[in-house]
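S.K.: After the structure tokens below, expect a handful of questions from me.
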Amino acid sequence: MRALLPPLVALAVPALAACGEPSTFVPVDELGGPRGAITGSLVYSGPRPCTREGRVIGAAVILAFDERALPPPDGLATEPDGLTIISGDRLFAGIPLDVAPDGSAACPPADAPWVTTTATFEVAPLRGGSYQLRGFFDRDGDFNPAFSIFNLPTRGDIAGGALDNTAAALGGARPRFRSIGVGALDADGAWSIPSTGARVDGVAVTLGLQLPFERPMFHVGAVTSGRRADAALGTAVVIPADYELDTFDASDPVGTEASLIRLGLRAGLPAAEHAAAKAKPYILPVNDASFAITREDTNRDGVRDAEDHVPESTQIPSLAPLAFVTRIADPATASTEPLVLLQGLTLLGSLLDTAMTKPELLFASDALSVALRPAVLCIDRRDPTRPVTLLQSRERDARGETVLADPDEVVARLAKRLGRKVNLAYGCLPQGRYAMNLVYETGQAWTVPNEAGVCAASEPPSADGTRCSGRTRLASQGVPLVIGAPRDAAYCAANPTPSACLP
């Protein structure tokens with residue numbers, strides 16, 4: 001599977017229209033100092049766009065990510081450092097397009113020849129740093145950076161970025177995104193912007209890979225666990241802060257799997273929500289939804305083989321879509337720091353079935369299971385030099401057997417993958433509300449809860465909770481995961497959540 005990697009999850013920034021070309025970026029009060037810019041040319045190679053009322057549907061989106069905070073699956077960033085949008089009308093100026101006389105939507109035939117066109121771009125303002133540019137052409141015109149259900153590419157969009165191996169990537173090789181330094185790098189490895197600002201010109205961004213999949217839209221269909229009282233499906237999925245496994249034993253995969261709390265995820269939305277989901281304001285592609293399940297290239301060497309496995313075991317391959325559970329900001333503080341992330345284990349059938357999958361796996365399924373590890377990663381995204389805390393809820397399972405057979409090896413594998421030092425700790429998991437995320441290696445993702453299932457402050461809910469002001473609320477998209485009170489309060493008193501995992 002071709003793996004160009006547009007961004008993940010909520011792009012909580014406004015769309016920045018490409019501006020002029022000043023030679024410096026002089027301070028403005030709210031930015032607090034001079035800034036930098038990256039400029040260059042965008043080259044699009046793909047299908048002619050669709051039109052409506054004589055205007056091109058869609059636009060090109062270019063995003064800048066600090067290399068210390070890349071989006072999944074390469075990192076854990078949830079928003080870019082800079083974003084610019086090139087309108088479809090500007091990008092395709094001079095290209096003959098299909099136009100319907102009555103102003104309705106008009107698209108080229110599926111077998112129509114592709115076209116190549118170019119446009120200039122500018123991403124600014126940027127702080128000093130080393131960046132990667134990633135992007136896509138939003139062919140169906142549904143991109144909106146302010147909403148998580150509309151902020152990522154969908155099937156048919158054309159992906160790419162600023163690449164060091166453009167020709168090879170367009171031929172199917174794993175892309176290598178170019179490192180673009182903005183500003184000056186000092187002897188300690190810190191970037192800064194000089195008083196006159198900084199500018200990097202002549203960067204080429206290529207968009208040329210048509211994405212074959214829709215985003216991994218899902219809802220929670222079931223929750224299973226060896227301890228039924230630990231998990232329940234209703235308005236939330238709840239697990240205890242002192243999450244304890246009955247069995248965690250490589251020689252007993254059946255017992256180990258039964259001990260893990262597992263989310264049964266279904267592709268798309270429940271049938272009862274289809275009519276509302278397909279109507280405005282959502283217009284979601286819910287018919288015949290499925291997951292594209294593949295082996296993940298965990299070591300990023302471009303080859304899927306026995307080296308691509310989960311950190312805990314060389315016998316269990318890592319599958320995509322990748323599953324992450326991330327803490328939602330506390331309403332009282334609105335703080336999202338530190339990032340608290342629980343990495344799920346994507347299963348195709350059972351743990352044994354997953355172990356037997358082949359490297360060339362590419363399987364369409366309307367369901368998958370995600371096993372929840374009894375551990376979280378606590379990451380300070382503001383300071384990439386600070387160690388990550390791997391917080392394991394308990395050192396031993398209920399039988400007294402050690403959960404991590406080789407903690408040092410697990411820590412070393414995580415440190416290599418995250419690019420940071422990792423400290424292992426044992427204690428109760430941070431309580432609070434969490435979002436569930438599925439992520440393809442293309443960077444396409446889906447998050448629950450999302451806007452479709454939650455009423456905003458400006459949208460008073462109906463008395464029965466089925467509507468948010470003038471729209472239908474899709475209840476399946478409002479279900480959070482909650483790390484709740486412990487089953488054994490004395491354990492948490494003796495083994496509290498470490499400060500590195502608290503707001």
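Following the order of the structure tokens, chains are lettered A, B, ..., residues in each are numbered from 1, and ligands are numbered from 1.
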Name the residues of range 375-468 of chain A that come out as helix (DSSP H, G or I) in a backbone DSSP run; write them as number ranges by chain.
M.R.: A: 407-418, 451-453
S.K.: Pick from A:Gln315, A:Thr389, A:Ser335, A:Ser41: nearest to Ser499 in chain A, with only C-alpha atoms counted?
M.R.: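 Checking each candidate against Ser499 in chain A, we get A:Thr389 as the closest.
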S.K.: Which of these residues is nearest to Thr154 in chain A, using only C-alpha atoms: A:Glu360, A:Asp353, A:Glu441, A:Asp140?
M.R.: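 Of the candidates, the smallest distance to Thr154 in chain A is held by A:Asp140.
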S.K.: Within 9 Å of Pro113 in chain A, counting only C-alpha atoms, which residues show up once you throw out same-chain ones fewer than 3 positions away? Write them as a list in words, please.
M.R.: Gly46, Pro47, Arg48, Pro109 and Ala110 of chain A
S.K.: Which residues, written as an MDAnalysis selection string, have at least one atom at most 6 Å from range 51-62 of chain A, with only C-alpha atoms counted and residues fewer than 5 positions away on the same chain left out?
M.R.: chainID A and resid 83:89 99 103:106 134:141
S.K.: Nearest to Leu361 in chain A among A:Asn151, A:Thr314, A:Thr294, A:Thr385, with distances taken over only C-alpha atoms: which residue is it?
M.R.: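 Nearest candidate to Leu361 in chain A out of A:Asn151, A:Thr314, A:Thr294, A:Thr385: A:Thr294.
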